[in-house]
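Shown here: coords_38.cif, mmCIF, C-alpha atoms.
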```cif
data_protein
#
loop_
_atom_site.group_PDB
_atom_site.id
_atom_site.type_symbol
_atom_site.label_atom_id
_atom_site.label_comp_id
_atom_site.auth_asym_id
_atom_site.auth_seq_id
_atom_site.Cartn_x
_atom_site.Cartn_y
_atom_site.Cartn_z
ATOM 1 C CA MET A 280 -14.197 1.204 14.892
ATOM 2 C CA ALA A 281 -12.637 -2.225 14.390
ATOM 3 C CA LYS A 282 -9.544 -3.084 16.388
ATOM 4 C CA ALA A 283 -6.428 -2.935 14.202
ATOM 5 C CA ASP A 284 -3.630 -5.432 14.648
ATOM 6 C CA ARG A 285 -0.041 -4.211 15.150
ATOM 7 C CA ASP A 286 0.889 -4.777 11.507
ATOM 8 C CA SER A 287 -1.839 -2.447 10.265
ATOM 9 C CA ILE A 288 -0.745 0.504 12.398
ATOM 10 C CA PRO A 289 1.857 2.551 10.532
ATOM 11 C CA LYS A 290 4.873 3.756 12.498
ATOM 12 C CA GLN A 291 5.002 7.544 12.478
ATOM 13 C CA GLU A 292 8.693 8.335 12.231
ATOM 14 C CA ALA A 293 10.183 11.705 11.376
ATOM 15 C CA GLY A 294 11.362 11.748 7.771
ATOM 16 C CA ALA A 295 9.835 8.324 7.078
ATOM 17 C CA ILE A 296 7.407 7.600 4.287
ATOM 18 C CA ASN A 297 4.074 6.607 5.818
ATOM 19 C CA GLN A 298 1.606 4.679 3.695
ATOM 20 C CA PRO A 299 -2.186 4.607 4.112
ATOM 21 C CA MET A 300 -3.122 1.357 5.842
ATOM 22 C CA THR A 301 -6.669 2.179 6.955
ATOM 23 C CA PRO A 302 -9.631 3.633 5.037
ATOM 24 C CA GLU A 303 -9.347 6.866 7.032
ATOM 25 C CA GLU A 304 -5.774 7.413 5.835
ATOM 26 C CA VAL A 305 -6.616 7.225 2.105
ATOM 27 C CA ASP A 306 -6.615 10.592 0.347
ATOM 28 C CA PRO A 307 -10.283 11.553 -0.315
ATOM 29 C CA GLN A 308 -9.361 12.986 -3.735
ATOM 30 C CA GLN A 309 -7.810 9.658 -4.743
ATOM 31 C CA LYS A 310 -11.015 7.881 -3.643
ATOM 32 C CA ARG A 311 -13.175 10.274 -5.698
ATOM 33 C CA GLU A 312 -11.013 9.990 -8.817
ATOM 34 C CA GLN A 313 -10.983 6.187 -8.735
ATOM 35 C CA LYS A 314 -14.734 5.988 -8.104
ATOM 36 C CA GLU A 315 -15.455 8.424 -10.954
ATOM 37 C CA GLU A 316 -13.286 6.400 -13.352
ATOM 38 C CA LEU A 317 -14.986 3.151 -12.350
ATOM 39 C CA LEU A 318 -18.423 4.706 -12.908
ATOM 40 C CA ARG A 319 -17.384 6.299 -16.224
ATOM 41 C CA GLU A 320 -15.556 3.284 -17.711
ATOM 42 C CA GLY A 321 -17.431 0.422 -16.061
ATOM 43 C CA ASN A 322 -16.586 -2.968 -17.551
ATOM 44 C CA ASN A 323 -14.267 -1.413 -20.152
ATOM 45 C CA LEU A 324 -11.417 -1.089 -17.645
ATOM 46 C CA THR A 325 -8.607 -3.613 -18.010
ATOM 47 C CA ALA A 326 -7.162 -2.805 -14.564
ATOM 48 C CA ASN A 327 -8.292 -1.328 -11.287
ATOM 49 C CA PRO A 328 -7.441 2.410 -11.407
ATOM 50 C CA GLY A 329 -5.350 2.013 -8.247
ATOM 51 C CA ASP A 330 -3.235 -0.753 -9.812
ATOM 52 C CA ARG A 331 -1.874 1.411 -12.603
ATOM 53 C CA ILE A 332 1.885 1.907 -12.788
ATOM 54 C CA ASP A 333 3.017 5.489 -13.349
ATOM 55 C CA ASP A 334 6.810 5.704 -13.390
ATOM 56 C CA SER A 335 6.664 9.510 -13.433
ATOM 57 C CA LYS A 336 5.458 9.500 -9.799
ATOM 58 C CA SER A 337 7.904 10.147 -6.987
ATOM 59 C CA LEU A 338 8.541 7.585 -4.259
ATOM 60 C CA GLU A 339 6.337 9.614 -1.902
ATOM 61 C CA GLU A 340 3.486 9.724 -4.450
ATOM 62 C CA LYS A 341 3.735 5.981 -5.079
ATOM 63 C CA ALA A 342 3.655 5.379 -1.313
ATOM 64 C CA GLN A 343 0.270 7.119 -1.110
ATOM 65 C CA GLN A 344 -1.321 5.248 -4.045
ATOM 66 C CA VAL A 345 -3.940 2.713 -2.946
ATOM 67 C CA ALA A 346 -4.961 -0.332 -5.004
ATOM 68 C CA VAL A 347 -7.865 -1.497 -2.835
ATOM 69 C CA ASP A 348 -10.025 0.554 -0.478
ATOM 70 C CA ALA A 349 -13.253 -1.427 -0.130
ATOM 71 C CA PRO A 350 -15.079 -3.981 1.989
ATOM 72 C CA ASP A 351 -14.031 -7.581 1.447
ATOM 73 C CA ILE A 352 -16.337 -10.608 1.369
ATOM 74 C CA THR A 353 -16.507 -10.672 5.188
ATOM 75 C CA GLY A 354 -17.579 -7.033 5.352
ATOM 76 C CA ASP A 355 -14.283 -5.828 6.820
ATOM 77 C CA HIS A 356 -13.012 -2.699 5.087
ATOM 78 C CA ILE A 357 -9.532 -3.339 3.705
ATOM 79 C CA THR A 358 -6.886 -0.995 2.373
ATOM 80 C CA VAL A 359 -4.045 -2.278 0.202
ATOM 81 C CA PRO A 360 -1.256 0.020 -0.975
ATOM 82 C CA THR A 361 -0.360 -0.226 -4.668
ATOM 83 C CA TYR A 362 3.315 -0.012 -3.812
ATOM 84 C CA PHE A 363 5.218 -1.303 -0.809
ATOM 85 C CA VAL A 364 8.155 0.891 0.123
ATOM 86 C CA VAL A 365 11.179 -1.151 1.194
ATOM 87 C CA ASP A 366 14.659 -0.257 2.387
ATOM 88 C CA GLU A 367 17.505 -1.471 0.217
ATOM 89 C CA PRO A 368 20.788 -2.720 1.775
ATOM 90 C CA ASP A 369 22.496 0.519 0.654
ATOM 91 C CA GLY A 370 19.981 2.607 2.638
ATOM 92 C CA GLU A 371 17.961 3.750 -0.370
ATOM 93 C CA GLN A 372 14.217 3.187 -0.513
ATOM 94 C CA LYS A 373 12.416 1.482 -3.357
ATOM 95 C CA ALA A 374 8.719 1.214 -4.278
ATOM 96 C CA LEU A 375 7.631 -2.318 -5.217
ATOM 97 C CA HIS A 376 4.317 -2.738 -7.098
ATOM 98 C CA HIS A 377 2.035 -5.196 -5.296
ATOM 99 C CA VAL A 378 1.375 -7.222 -8.488
ATOM 100 C CA LYS A 379 4.352 -6.673 -10.792
ATOM 101 C CA ASP A 380 6.927 -7.044 -7.991
ATOM 102 C CA ALA A 381 5.081 -9.650 -5.891
ATOM 103 C CA GLU A 382 7.971 -12.116 -5.957
ATOM 104 C CA GLU A 383 10.451 -9.481 -4.764
ATOM 105 C CA ILE A 384 8.010 -8.408 -2.023
ATOM 106 C CA SER A 385 7.845 -12.034 -0.877
ATOM 107 C CA ASP A 386 11.652 -12.173 -0.799
ATOM 108 C CA VAL A 387 11.770 -9.033 1.370
ATOM 109 C CA ILE A 388 9.193 -10.481 3.772
ATOM 110 C CA ARG A 389 11.174 -13.712 4.088
ATOM 111 C CA GLN A 390 14.202 -11.657 5.129
ATOM 112 C CA ALA A 391 12.340 -10.130 8.081
ATOM 113 C CA ARG A 392 13.294 -11.297 11.542
ATOM 114 C CA VAL A 393 11.467 -10.852 14.825
ATOM 115 C CA ASN A 394 13.376 -9.937 17.997
ATOM 116 C CA GLU A 395 12.545 -11.053 21.545
ATOM 117 C CA LYS A 396 10.067 -8.145 21.901
ATOM 118 C CA GLY A 397 8.120 -9.281 18.838
ATOM 119 C CA GLU A 398 9.354 -6.362 16.739
ATOM 120 C CA ARG A 399 10.460 -6.870 13.153
ATOM 121 C CA GLU A 400 14.110 -6.413 12.363
ATOM 122 C CA TRP A 401 15.326 -6.267 8.783
#
```
For this file, produce the structure as structure tokens.
Amino acid sequence: MAKADRDSIPKQEAGAINQPMTPEEVDPQQKREQKEELLREGNNLTANPGDRIDDSKSLEEKAQQVAVDAPDITGDHITVPTYFVVDEPDGEQKALHHVKDAEEISDVIRQARVNEKGEREW
């Protein structure tokens, strides 16, 4: 198994929403459904099945949706969540789509600070 860096290891906190960040954490049913759709539709798809936006999904369901779960050009297996769950200043959580909300995701990342222990503080 490849060594994961600290950013790819999700924090397991009680009551927190944990997103799949490794291939082993991706729901097998989601993998099957996406693979079946890719095989069935082939080149007729206009978007990756994992990239689709479904506003009827709950925050928890969006957090589990994966856009990419495949080897990259180097052969490393990568997992990219469709949505990134962020904490709002008022304490609420919000799901940002990795394509549609890319600019807002970048803004959130720029707001991150690192303390003397190397841990991110928001």
By how many Å are CA of Phe363 in chain A and CA of Leu375 in chain A apart?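 Taking CA of Phe363 in chain A as the start and CA of Leu375 in chain A as the end point, the length is 5.1 Å.
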For the PyMOL selection byres ((chain A and resi 304-307) around 12), applied here, can you spell out every residue it catches as a ChimeraX atom specification? /A:287-289,297-303,308-314,329,340,342-349,357-361
Output C-alpha atoms for every residue in that selection, as a compact mmCIF listing (two decimals), in the coordinates of the input.
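Output (part11.txt):
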```txt
# COMPACT_ATOMS: atom_id res chain seq x y z
CA SER A 287 -1.84 -2.45 10.26
CA ILE A 288 -0.74 0.50 12.40
CA PRO A 289 1.86 2.55 10.53
CA ASN A 297 4.07 6.61 5.82
CA GLN A 298 1.61 4.68 3.70
CA PRO A 299 -2.19 4.61 4.11
CA MET A 300 -3.12 1.36 5.84
CA THR A 301 -6.67 2.18 6.96
CA PRO A 302 -9.63 3.63 5.04
CA GLU A 303 -9.35 6.87 7.03
CA GLN A 308 -9.36 12.99 -3.74
CA GLN A 309 -7.81 9.66 -4.74
CA LYS A 310 -11.02 7.88 -3.64
CA ARG A 311 -13.18 10.27 -5.70
CA GLU A 312 -11.01 9.99 -8.82
CA GLN A 313 -10.98 6.19 -8.74
CA LYS A 314 -14.73 5.99 -8.10
CA GLY A 329 -5.35 2.01 -8.25
CA GLU A 340 3.49 9.72 -4.45
CA ALA A 342 3.66 5.38 -1.31
CA GLN A 343 0.27 7.12 -1.11
CA GLN A 344 -1.32 5.25 -4.04
CA VAL A 345 -3.94 2.71 -2.95
CA ALA A 346 -4.96 -0.33 -5.00
CA VAL A 347 -7.86 -1.50 -2.84
CA ASP A 348 -10.02 0.55 -0.48
CA ALA A 349 -13.25 -1.43 -0.13
CA ILE A 357 -9.53 -3.34 3.70
CA THR A 358 -6.89 -1.00 2.37
CA VAL A 359 -4.04 -2.28 0.20
CA PRO A 360 -1.26 0.02 -0.98
CA THR A 361 -0.36 -0.23 -4.67
```
Go through A:Asp334, A:Glu383, A:Glu320, A:Asp355 one by one, measure the shortest atom-to-atom distance of each to Glu367 in chain A using all atoms listed in the file, and give the residue with the smallest value. A:Glu383
Have a look at CA of Ala391 in chain A and CA of Glu339 in chain A and let me know their distance in Å, one decimal.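 Straight-line distance from CA of Ala391 in chain A to CA of Glu339 in chain A works out to 22.9 Å.
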Could you check how far CA of Asp333 in chain A sits from CA of Gln372 in chain A, in Å to one decimal?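 Interatomic distance, CA of Asp333 in chain A to CA of Gln372 in chain A: 17.2 Å.
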List as a VMD selection string: which residues have an atom within 6 Å of (-0.4, -2.4, -10.2), counting all atoms listed in the file? chain A and resid 330 to 332 361 376 378
Fill-in result for range 359-378 of chain A, N, CA and C atoms as a PDB file, keeping the file's coordinate frame:
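Full text of part21.pdb as output:
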```pdb
ATOM      1  N   VAL A 359      -5.277  -1.665   0.693  1.00  0.00           N
ATOM      2  CA  VAL A 359      -4.045  -2.278   0.202  1.00  0.00           C
ATOM      3  C   VAL A 359      -3.279  -1.238  -0.606  1.00  0.00           C
ATOM      4  N   PRO A 360      -2.060  -0.919  -0.185  1.00  0.00           N
ATOM      5  CA  PRO A 360      -1.256   0.020  -0.975  1.00  0.00           C
ATOM      6  C   PRO A 360      -0.886  -0.591  -2.327  1.00  0.00           C
ATOM      7  N   THR A 361      -0.793   0.239  -3.352  1.00  0.00           N
ATOM      8  CA  THR A 361      -0.360  -0.226  -4.668  1.00  0.00           C
ATOM      9  C   THR A 361       1.117  -0.589  -4.626  1.00  0.00           C
ATOM     10  N   TYR A 362       1.876   0.210  -3.936  1.00  0.00           N
ATOM     11  CA  TYR A 362       3.315  -0.012  -3.812  1.00  0.00           C
ATOM     12  C   TYR A 362       3.676  -0.247  -2.353  1.00  0.00           C
ATOM     13  N   PHE A 363       4.658  -1.103  -2.139  1.00  0.00           N
ATOM     14  CA  PHE A 363       5.218  -1.303  -0.809  1.00  0.00           C
ATOM     15  C   PHE A 363       6.611  -0.694  -0.830  1.00  0.00           C
ATOM     16  N   VAL A 364       6.860   0.231   0.068  1.00  0.00           N
ATOM     17  CA  VAL A 364       8.155   0.891   0.123  1.00  0.00           C
ATOM     18  C   VAL A 364       9.076   0.061   1.011  1.00  0.00           C
ATOM     19  N   VAL A 365      10.214  -0.320   0.461  1.00  0.00           N
ATOM     20  CA  VAL A 365      11.179  -1.151   1.194  1.00  0.00           C
ATOM     21  C   VAL A 365      12.536  -0.452   1.226  1.00  0.00           C
ATOM     22  N   ASP A 366      13.301  -0.782   2.252  1.00  0.00           N
ATOM     23  CA  ASP A 366      14.659  -0.257   2.387  1.00  0.00           C
ATOM     24  C   ASP A 366      15.631  -1.218   1.724  1.00  0.00           C
ATOM     25  N   GLU A 367      16.474  -0.687   0.880  1.00  0.00           N
ATOM     26  CA  GLU A 367      17.505  -1.471   0.217  1.00  0.00           C
ATOM     27  C   GLU A 367      18.718  -1.581   1.148  1.00  0.00           C
ATOM     28  N   PRO A 368      19.594  -2.578   0.932  1.00  0.00           N
ATOM     29  CA  PRO A 368      20.788  -2.720   1.775  1.00  0.00           C
ATOM     30  C   PRO A 368      21.670  -1.472   1.803  1.00  0.00           C
ATOM     31  N   ASP A 369      21.658  -0.688   0.707  1.00  0.00           N
ATOM     32  CA  ASP A 369      22.496   0.519   0.654  1.00  0.00           C
ATOM     33  C   ASP A 369      21.844   1.726   1.326  1.00  0.00           C
ATOM     34  N   GLY A 370      20.660   1.520   1.934  1.00  0.00           N
ATOM     35  CA  GLY A 370      19.981   2.607   2.638  1.00  0.00           C
ATOM     36  C   GLY A 370      18.942   3.339   1.801  1.00  0.00           C
ATOM     37  N   GLU A 371      18.958   3.126   0.504  1.00  0.00           N
ATOM     38  CA  GLU A 371      17.961   3.750  -0.370  1.00  0.00           C
ATOM     39  C   GLU A 371      16.612   3.077  -0.174  1.00  0.00           C
ATOM     40  N   GLN A 372      15.556   3.773  -0.561  1.00  0.00           N
ATOM     41  CA  GLN A 372      14.217   3.187  -0.513  1.00  0.00           C
ATOM     42  C   GLN A 372      13.735   2.931  -1.923  1.00  0.00           C
ATOM     43  N   LYS A 373      12.897   1.907  -2.050  1.00  0.00           N
ATOM     44  CA  LYS A 373      12.416   1.482  -3.357  1.00  0.00           C
ATOM     45  C   LYS A 373      10.932   1.156  -3.231  1.00  0.00           C
ATOM     46  N   ALA A 374      10.147   1.526  -4.256  1.00  0.00           N
ATOM     47  CA  ALA A 374       8.719   1.214  -4.278  1.00  0.00           C
ATOM     48  C   ALA A 374       8.501  -0.034  -5.124  1.00  0.00           C
ATOM     49  N   LEU A 375       7.918  -1.072  -4.505  1.00  0.00           N
ATOM     50  CA  LEU A 375       7.631  -2.318  -5.217  1.00  0.00           C
ATOM     51  C   LEU A 375       6.127  -2.412  -5.468  1.00  0.00           C
ATOM     52  N   HIS A 376       5.729  -2.630  -6.731  1.00  0.00           N
ATOM     53  CA  HIS A 376       4.317  -2.738  -7.098  1.00  0.00           C
ATOM     54  C   HIS A 376       3.756  -4.063  -6.589  1.00  0.00           C
ATOM     55  N   HIS A 377       2.581  -4.015  -5.975  1.00  0.00           N
ATOM     56  CA  HIS A 377       2.035  -5.196  -5.296  1.00  0.00           C
ATOM     57  C   HIS A 377       1.721  -6.356  -6.232  1.00  0.00           C
ATOM     58  N   VAL A 378       1.608  -6.133  -7.536  1.00  0.00           N
ATOM     59  CA  VAL A 378       1.375  -7.222  -8.488  1.00  0.00           C
ATOM     60  C   VAL A 378       2.661  -7.508  -9.262  1.00  0.00           C
TER      61      VAL A 378
END
```
